[in-house]
Amino acid sequence: MNLMTRLAAALALTLAATGAHAANVLVVLSDENHLDLKDGKVLSTGFYLNELMQPVKLLLDAGHEVTFATPQGRAPTVDASSVTPAYFGNDAAQLTLHKDLLEKLALTSPTASPVVSLARVEQQGYARFDAVYIPGGHAPMQDLLKSPALGRLLADFHQRNKTTALVCHGPIALLSTLPDAAGFVAKLEAGATPATPKWIYSGYQMTVISNQEEEQAKPLLGGGEMKFYPQTALQRAGARFSSNATPWTGHVVVDRELITGQNPASALEVGQRLVERLK
């Protein structure tokens, strides 16, 4: 019995007594531990600790079940640069709390991770999930944005108006629902301007890490340069981009089934909005 099952069992009596509904939330992460940059350079990356764990802790505390998945079912990687109090309001105790929860979940363990593949999720049926959450870190820019399996899942959630929450670089995963996501991404990587495609999220108001914030974060790339920025990509696909007034401050946008957060400072509110939706 894994930790998720034990937590669900421990909360079952409480949920029954209160009449609360325990939802099953699918958390989708990248398989990748790097991002290919321009000129053959490579950035070591993964998911951001706070962007994953702040919403996950809120979900677990509210009594919901959480299922973790990646396209290939490999254990995801935490971006080492995100394991710092700076992303937790400079509160070292909060960092320790969320880091310890990650370790208890064994999510990043090559041998004990509870992660399943998106193929397995599709086998089990999308109907068993009430919402999906996709955190950031640069890793989604490597694979999630053109994953056919993720595209099918998100399209199903869109059709059924199921809550779809994403933060920071996570919203780039919405491109996976494009008719030719790989071709669209290839043109962006080549510096070309792709034609505006037919997209299920066209006209949606959403946010993602802004071009301005990406420019300010360039030192984190170790002298490298991204092939394209998420804001530009989503706008070219047909999104209505919404930005904060001051870089790196929290900003959350809700439009129909989508809940999007702009940057690491937005993760906690995205989690709160997600939990509220599940009530």
# chains A, B, ... in the order shown; residues from 1 in each chain; ligands from 1

$ residues_around --residues "region 59-75 of chain A" --least-positions-apart "2" --cutoff "6 Å" --atoms "only C-alpha atoms" --output "MDAnalysis selection string"
chainID A and resid 22:31 56:57 108 110 113 115:118

$ residues_around --residues "Asp79 (chain A)" --least-positions-apart "4" --cutoff "8 Å" --atoms "only C-alpha atoms" --output "MDAnalysis selection string"
chainID A and resid 33 44:49 83 137

$ write_last_selection --atoms "N, CA, C and O atoms" --output "PDB file, in the first residue's frame"
ATOM      1  N   ASN A  33      14.899  15.758 -17.374  1.00  0.00           N
ATOM      2  CA  ASN A  33      15.717  16.427 -16.353  1.00  0.00           C
ATOM      3  C   ASN A  33      16.579  17.518 -16.979  1.00  0.00           C
ATOM      4  O   ASN A  33      17.542  17.970 -16.390  1.00  0.00           O
ATOM      5  N   SER A  44      20.210  21.881 -16.986  1.00  0.00           N
ATOM      6  CA  SER A  44      19.709  20.874 -16.051  1.00  0.00           C
ATOM      7  C   SER A  44      18.507  21.462 -15.322  1.00  0.00           C
ATOM      8  O   SER A  44      18.584  22.549 -14.757  1.00  0.00           O
ATOM      9  N   THR A  45      17.400  20.729 -15.335  1.00  0.00           N
ATOM     10  CA  THR A  45      16.180  21.274 -14.748  1.00  0.00           C
ATOM     11  C   THR A  45      15.268  20.142 -14.307  1.00  0.00           C
ATOM     12  O   THR A  45      15.687  19.014 -14.111  1.00  0.00           O
ATOM     13  N   GLY A  46      13.990  20.432 -14.142  1.00  0.00           N
ATOM     14  CA  GLY A  46      12.995  19.480 -13.672  1.00  0.00           C
ATOM     15  C   GLY A  46      11.783  20.277 -13.248  1.00  0.00           C
ATOM     16  O   GLY A  46      11.460  21.294 -13.860  1.00  0.00           O
ATOM     17  N   PHE A  47      11.087  19.840 -12.192  1.00  0.00           N
ATOM     18  CA  PHE A  47       9.968  20.619 -11.662  1.00  0.00           C
ATOM     19  C   PHE A  47      10.460  21.499 -10.509  1.00  0.00           C
ATOM     20  O   PHE A  47      11.443  21.180  -9.841  1.00  0.00           O
ATOM     21  N   TYR A  48       9.766  22.620 -10.298  1.00  0.00           N
ATOM     22  CA  TYR A  48      10.095  23.491  -9.162  1.00  0.00           C
ATOM     23  C   TYR A  48       9.405  22.939  -7.919  1.00  0.00           C
ATOM     24  O   TYR A  48       8.204  22.635  -7.950  1.00  0.00           O
ATOM     25  N   LEU A  49      10.154  22.871  -6.832  1.00  0.00           N
ATOM     26  CA  LEU A  49       9.654  22.259  -5.604  1.00  0.00           C
ATOM     27  C   LEU A  49       8.360  22.900  -5.128  1.00  0.00           C
ATOM     28  O   LEU A  49       7.368  22.211  -4.848  1.00  0.00           O
ATOM     29  N   VAL A  83      15.138  24.417  -4.700  1.00  0.00           N
ATOM     30  CA  VAL A  83      15.108  23.930  -3.310  1.00  0.00           C
ATOM     31  C   VAL A  83      15.770  24.977  -2.420  1.00  0.00           C
ATOM     32  O   VAL A  83      16.916  24.842  -1.970  1.00  0.00           O
ATOM     33  N   GLY A 137       8.700  24.686 -13.731  1.00  0.00           N
ATOM     34  CA  GLY A 137      10.065  24.274 -13.948  1.00  0.00           C
ATOM     35  C   GLY A 137      10.229  24.250 -15.459  1.00  0.00           C
ATOM     36  O   GLY A 137       9.239  24.205 -16.208  1.00  0.00           O
TER      37      GLY A 137
END

$ select_by_dssp --residues "region 214-274 of chain A" --states "strand (DSSP E or B)" --output "ChimeraX atom specification"
/A:240-241,252-255,258-261

$ write_last_selection --atoms "N, CA and C atoms" --output "PDB file, in the first residue's frame"
ATOM      1  N   ARG A 240      -5.123  34.580 -25.089  1.00  0.00           N
ATOM      2  CA  ARG A 240      -5.156  35.980 -24.667  1.00  0.00           C
ATOM      3  C   ARG A 240      -4.328  36.058 -23.395  1.00  0.00           C
ATOM      4  N   PHE A 241      -3.122  36.574 -23.505  1.00  0.00           N
ATOM      5  CA  PHE A 241      -2.184  36.573 -22.392  1.00  0.00           C
ATOM      6  C   PHE A 241      -2.496  37.667 -21.387  1.00  0.00           C
ATOM      7  N   VAL A 252      -2.871  35.041 -10.958  1.00  0.00           N
ATOM      8  CA  VAL A 252      -3.649  33.857 -11.319  1.00  0.00           C
ATOM      9  C   VAL A 252      -4.825  34.279 -12.186  1.00  0.00           C
ATOM     10  N   VAL A 253      -5.075  33.513 -13.240  1.00  0.00           N
ATOM     11  CA  VAL A 253      -6.168  33.797 -14.166  1.00  0.00           C
ATOM     12  C   VAL A 253      -7.077  32.577 -14.243  1.00  0.00           C
ATOM     13  N   VAL A 254      -8.388  32.820 -14.144  1.00  0.00           N
ATOM     14  CA  VAL A 254      -9.370  31.741 -14.273  1.00  0.00           C
ATOM     15  C   VAL A 254     -10.265  32.045 -15.477  1.00  0.00           C
ATOM     16  N   ASP A 255     -10.329  31.123 -16.415  1.00  0.00           N
ATOM     17  CA  ASP A 255     -11.210  31.255 -17.578  1.00  0.00           C
ATOM     18  C   ASP A 255     -11.796  29.881 -17.880  1.00  0.00           C
ATOM     19  N   LEU A 258      -9.999  26.465 -17.078  1.00  0.00           N
ATOM     20  CA  LEU A 258      -8.573  26.709 -16.868  1.00  0.00           C
ATOM     21  C   LEU A 258      -8.290  27.595 -15.650  1.00  0.00           C
ATOM     22  N   ILE A 259      -7.307  27.169 -14.859  1.00  0.00           N
ATOM     23  CA  ILE A 259      -6.715  28.000 -13.803  1.00  0.00           C
ATOM     24  C   ILE A 259      -5.226  28.057 -14.114  1.00  0.00           C
ATOM     25  N   THR A 260      -4.715  29.243 -14.412  1.00  0.00           N
ATOM     26  CA  THR A 260      -3.297  29.370 -14.742  1.00  0.00           C
ATOM     27  C   THR A 260      -2.626  30.368 -13.815  1.00  0.00           C
ATOM     28  N   GLY A 261      -1.393  30.055 -13.417  1.00  0.00           N
ATOM     29  CA  GLY A 261      -0.585  30.930 -12.578  1.00  0.00           C
ATOM     30  C   GLY A 261       0.677  31.323 -13.317  1.00  0.00           C
TER      31      GLY A 261
END

$ residues_around --residues "region 147-164 of chain A" --least-positions-apart "2" --cutoff "7 Å" --atoms "only C-alpha atoms" --output "list in words"
Pro71, Leu118, Ala119, Asp130, Ala131, Val132, Tyr133, Asp143, Leu144, Leu145, Leu166, Ser176, Thr177, Glu257, Leu258 and Ile259 of chain A

$ atom_distance --atom1 "CA of Ile134 (chain A)" --atom2 "CA of Lys38 (chain A)"
25.1 Å
